[in-house]
Protein chains: 2
Amino acid sequence: MRKLFYNGVIVTGEKGKIIKNGFIVVENGMIQTVESGDPRLSFHDIAERVNLNGHWVLPGLVNTHGHIGSTLLRGYGDDLPLDVWLKTKMWPMEGKFTEETIHAAASLAILEMQKSGTTTFLEMYHLHLETIAALVQQSGIRAVITRGMIGLCSYNEQEQKLTEAIHLSKSLKRFGDGRISTMLAPHAPYTCPPAFLEMIVLEAKKNNLPIHIHLSETAKEVNEHVEKYGKRPAIHLAELGVFDVHTLIAHGVHLDDEEFEVLANNRVAVSHNPISNLKLGSGIAKIPKMLSKNILVGLGTDSAASNNNLDMFQEMRMAALIHKGNLENATVVSAEEVLVMATKNGAKALALENIGVIQEGKEADFIVVDSQQPHLQPNDHVTSHIVYSASGADVLDVYVKGNCLVRNKQCLSLDEEKIIYEANRAFQNLLK
Amino acid sequence: MRKLFYNGVIVTGEKGKIIKNGFIVVENGMIQTVESGDPRLSFHDIAERVNLNGHWVLPGLVNTHGHIGSTLLRGYGDDLPLDVWLKTKMWPMEGKFTEETIHAAASLAILEMQKSGTTTFLEMYHLHLETIAALVQQSGIRAVITRGMIGLCSYNEQEQKLTEAIHLSKSLKRFGDGRISTMLAPHAPYTCPPAFLEMIVLEAKKNNLPIHIHLSETAKEVNEHVEKYGKRPAIHLAELGVFDVHTLIAHGVHLDDEEFEVLANNRVAVSHNPISNLKLGSGIAKIPKMLSKNILVGLGTDSAASNNNLDMFQEMRMAALIHKGNLENATVVSAEEVLVMATKNGAKALALENIGVIQEGKEADFIVVDSQQPHLQPNDHVTSHIVYSASGADVLDVYVKGNCLVRNKQCLSLDEEKIIYEANRAFQNLLK
């Protein structure tokens, strides 16, 4: 089954490459052709045609770090530091979570992400992951689902968690028609003792699974790590073998030069979450330095409880702005670099080589942005406008594997009204 | 003529005060009553009724600094430092501006601002201000229009500019049915020699006009000022009498403790433009310190050429986030403080005491935000969601002086399609 998308401005996601008056042919969920020109004669045999009306087409956005299970805690406990927020707000509420909570929270998050142009997200969570996978299946979105493991418990409990994670890495493949993959996800060096991390590395190697872990989000956790182990966390993880497999770290706010070298030498990828890092007062990651060392950087929203939305356009904008102001240098982190972080490099960070650019042979995950909005005029500077001016509300259509999930801002695969009703009901149940 | 707005969640703009199931009675453009309850019986005599459908009503947003005349340069010259950007991109293009350019640029900006919930904006510009005033009249928005004056010219030219500014302070009142006011606007200490500033202060006092001026946007300009005059700019302005009248400074990124004292003692207001300051690599203003000294802070977008949109929700979000990350302290600058900056304190900064809160006796400038969007659920934490999660795209309706300017996201007073067409045509003419 072939589909022809024509009359669009195609932002391919390859740095700087934009095809004006472009078209895309999709066959069986894959991109077959991307070119410029009017294809209506040469592809006259394709019956299903979508006129892009001059709008902007870009690769679906890739959210490389989040916890959609906690979406109902959006706005619950703002303006607190990370440790207080976790201990007094997040964890006590999470203790009350039922399957109803997770279903409501994950549905809401997937709805929000899809409508705002995210086609792939990474989830690190520990409750009802099969419920989340079933929602991924239903919605049509793509996901990397990881079982977050906190190791501050007995050896037996550690082993149970790891066994569950390995089991899930296989069982979740039942869902999502190939759109779900997994990683092993030790929560963080400060919640996973070295011996537990070594167990995880062993299983990662045996099962050929990448690793996802929070790393050096706050100065406090780094200082405590150095006090306890006499070395900085990234150095320690390297010694424990964590970086022997493909690893994606989240945050990386407080890393020193030696740690950057270790990340670069081990091809460790970084999920940059600038908004969450600001909101929790964690700090500002040294992204320009990482880029200068060719460290692979993707973007992530983190959870709606610390962001407080899941709009990857906002994350792009922040990533393009924050380092300029912080370093008082307007030339660092260009709009083009940021767009690549949110698409191609995000996909690579998730070990997904089949998506992230609009290119022949890749899977057809792309989105259409309304080029006729006032804040996107004059409409010449497409990449600039996408990064510095657009928001998720400008997304008209969303495709994953060539399937239309959102058309003209309406979600086709999910019942928006029901999801919003259930999210509020489930939150009220938590307050009881 | 009375109108009744009922069944809304009213965020009054007084710190923390939210009226659930609230209603507003507007008479002749003024707020007559704000209360909770079902008013349909007690106000049965009011024929014109608007059901707010449980949505959130807040004071119209007040944008305290911008240059809408240069809106067509959005995305033209990103990722450059302020002085290079001004000298190689902005000023050469501005040299080509005609009335067509300004008309197209200002129409586009007003359209964007209205649709995203801004009901009052300050404009600092030097070309075709009557054209801008006529657009303010047509659109129904409220504006403070100031004639920006650069004094790097002969005494005669300085005098001409000031005469023009004084003239405009009277002539612009022809427009806008009382919705237009003015200030005197010397561009900045580095572009206005001391003698010129003294001339301006004299006229400000004589004509009872407030002053608006860029101050200490970059470290470079401050260093050069100190080198040239042996004192820091804010101290210098105080000595020149600038702060003897109500003064609103824009930016204030590089101020020291002594300067904060001077601003506080003279009740100088500050327009905080966090996004523009980041984008141009100017730095991060010390807002938490200003707030601790009770300095009045409003928010501004600056121009679309350095932002790159005019969405005050984005500005609120940035103001709530940036200082937390910069100081690594999640407790500074709360959502409530930011909402007050964008409304009540912004209005005060513009010397407009008649707007900025939803309160009996104030003019009826308010906006309605769609509470049913996925990213605003669960919908309990209204102020948090407005600041940390909403965007201008969530604005449904906009009222100024009780008149509806935007209804269900459609602008009633301006022709959106025509404005977008003309903005692109005028920009292409500049490139010729």
# chains A, B, ... in the order shown; residues from 1 in each chain; ligands from 1

call {"tool": "select_by_dssp", "arguments": {"residues": "stretch 64-263 of chain B", "states": "strand (DSSP E or B)", "output": "number ranges by chain"}}
result
B: 118-125, 142-149, 180-181, 184-186, 211-215, 247-251

call {"tool": "interface_residues", "arguments": {"of": "chain B", "to": "chain A", "cutoff": "6 Å", "atoms": "only C-alpha atoms", "output": "list in words"}}
result
Gly75, Asp79, Leu80, Pro81, Glu112, Leu278, Lys279, Leu280, Gly281, Ser282, Gly283, Asn308, Asn309, Leu321, Lys324, Gly325, Glu328, Asn329, Ala330, Thr331, Pro374, His375, Pro378, His381, Ser384, Tyr388, Ser389 and Asn424 of chain B

call {"tool": "write_last_selection", "arguments": {"atoms": "N, CA and C atoms", "output": "short mmCIF file (atom, residue, chain, number, x, y, z; two decimals), in the first residue's frame"}}
result
data_model
loop_
_atom_site.label_atom_id
_atom_site.label_comp_id
_atom_site.auth_asym_id
_atom_site.auth_seq_id
_atom_site.Cartn_x
_atom_site.Cartn_y
_atom_site.Cartn_z
N GLY B 75 13.60 35.50 13.00
CA GLY B 75 14.39 34.42 12.39
C GLY B 75 15.46 34.89 11.43
N ASP B 79 21.37 33.50 16.47
CA ASP B 79 22.62 32.94 16.98
C ASP B 79 23.82 33.88 16.79
N LEU B 80 23.55 35.19 16.96
CA LEU B 80 24.61 36.21 16.89
C LEU B 80 24.59 37.02 18.19
N PRO B 81 25.74 37.55 18.61
CA PRO B 81 25.74 38.42 19.81
C PRO B 81 25.07 39.76 19.52
N GLU B 112 -0.68 38.33 16.54
CA GLU B 112 -0.08 37.27 17.34
C GLU B 112 -0.30 37.52 18.84
N LEU B 278 18.44 35.58 26.93
CA LEU B 278 19.13 34.30 26.66
C LEU B 278 19.54 34.23 25.20
N LYS B 279 18.60 34.53 24.31
CA LYS B 279 18.83 34.30 22.89
C LYS B 279 20.00 35.13 22.36
N LEU B 280 20.11 36.37 22.87
CA LEU B 280 21.20 37.24 22.41
C LEU B 280 22.47 37.03 23.24
N GLY B 281 22.44 36.06 24.16
CA GLY B 281 23.64 35.80 24.97
C GLY B 281 23.95 36.93 25.93
N SER B 282 22.92 37.71 26.29
CA SER B 282 23.17 38.86 27.17
C SER B 282 23.38 38.42 28.61
N GLY B 283 22.69 37.36 29.02
CA GLY B 283 22.84 36.85 30.38
C GLY B 283 21.51 36.69 31.08
N ASN B 308 11.77 34.09 19.61
CA ASN B 308 11.30 34.75 18.42
C ASN B 308 9.79 34.82 18.32
N ASN B 309 9.05 34.64 19.42
CA ASN B 309 7.62 34.88 19.32
C ASN B 309 7.21 35.92 20.37
N LEU B 321 11.30 29.51 35.43
CA LEU B 321 12.29 28.42 35.36
C LEU B 321 13.73 28.89 35.49
N LYS B 324 15.53 29.48 38.90
CA LYS B 324 15.69 28.24 39.68
C LYS B 324 16.95 27.50 39.22
N GLY B 325 17.10 27.35 37.92
CA GLY B 325 18.25 26.61 37.40
C GLY B 325 19.54 27.37 37.58
N GLU B 328 20.44 27.26 41.11
CA GLU B 328 20.31 25.90 41.66
C GLU B 328 19.47 25.94 42.94
N ASN B 329 18.32 26.58 42.82
CA ASN B 329 17.41 26.72 43.94
C ASN B 329 15.97 26.72 43.42
N ALA B 330 15.29 25.60 43.61
CA ALA B 330 13.95 25.44 43.03
C ALA B 330 12.88 26.26 43.74
N THR B 331 13.24 26.94 44.80
CA THR B 331 12.22 27.65 45.58
C THR B 331 12.09 29.13 45.19
N PRO B 374 -5.11 18.52 27.12
CA PRO B 374 -4.43 17.43 27.82
C PRO B 374 -3.29 17.90 28.73
N HIS B 375 -2.50 18.87 28.27
CA HIS B 375 -1.34 19.28 29.06
C HIS B 375 -1.72 20.12 30.28
N PRO B 378 -4.11 16.84 35.52
CA PRO B 378 -5.39 17.10 36.17
C PRO B 378 -5.53 18.60 36.40
N HIS B 381 -4.47 22.44 39.58
CA HIS B 381 -3.40 23.39 39.95
C HIS B 381 -3.35 24.51 38.91
N SER B 384 -0.24 27.00 38.58
CA SER B 384 0.90 26.21 38.12
C SER B 384 0.78 25.89 36.64
N TYR B 388 3.51 27.02 34.09
CA TYR B 388 4.48 25.98 33.72
C TYR B 388 4.06 25.11 32.54
N SER B 389 2.81 25.20 32.12
CA SER B 389 2.42 24.24 31.09
C SER B 389 1.65 24.83 29.92
N ASN B 424 4.39 38.40 4.57
CA ASN B 424 5.35 37.71 3.69
C ASN B 424 5.71 38.57 2.48
#

call {"tool": "closest_residue", "arguments": {"among": "A:Lys348, A:Lys293, A:Lys15, A:Lys231", "to": "A:Glu261", "atoms": "only C-alpha atoms"}}
result
A:Lys293

call {"tool": "residues_around", "arguments": {"residues": "A:Gly176", "least_positions_apart": "6", "cutoff": "10 Å", "atoms": "only C-alpha atoms", "output": "ChimeraX atom specification"}}
result
/A:133-143

call {"tool": "residues_around", "arguments": {"residues": "A:Leu4", "least_positions_apart": "3", "cutoff": "6 Å", "atoms": "only C-alpha atoms", "output": "ChimeraX atom specification"}}
result
/A:24-25,49

call {"tool": "write_last_selection", "arguments": {"atoms": "N, CA and C atoms", "output": "PDB file, in the first residue's frame"}}
result
ATOM      1  N   ILE A  24       6.910  13.013  -0.534  1.00  0.00           N
ATOM      2  CA  ILE A  24       7.351  11.782   0.112  1.00  0.00           C
ATOM      3  C   ILE A  24       6.449  10.647  -0.367  1.00  0.00           C
ATOM      4  N   VAL A  25       7.063   9.538  -0.760  1.00  0.00           N
ATOM      5  CA  VAL A  25       6.281   8.334  -1.040  1.00  0.00           C
ATOM      6  C   VAL A  25       6.534   7.338   0.084  1.00  0.00           C
ATOM      7  N   ARG A  49      -3.459  10.060  -1.748  1.00  0.00           N
ATOM      8  CA  ARG A  49      -2.629  11.270  -1.845  1.00  0.00           C
ATOM      9  C   ARG A  49      -3.001  12.254  -0.758  1.00  0.00           C
TER      10      ARG A  49
END

call {"tool": "residues_around", "arguments": {"residues": "A:His128", "least_positions_apart": "3", "cutoff": "7 Å", "atoms": "only C-alpha atoms", "output": "list in words"}}
result
Glu99, Ile102, Thr131 and Ile132 of chain A

call {"tool": "select_by_dssp", "arguments": {"residues": "stretch 147-391 of chain B", "states": "alpha helix (DSSP H)", "output": "ChimeraX atom specification"}}
result
/B:155-171,194-207,219-229,233-239,257-265,274-279,287-292,312-327,335-342,344-349,382-388
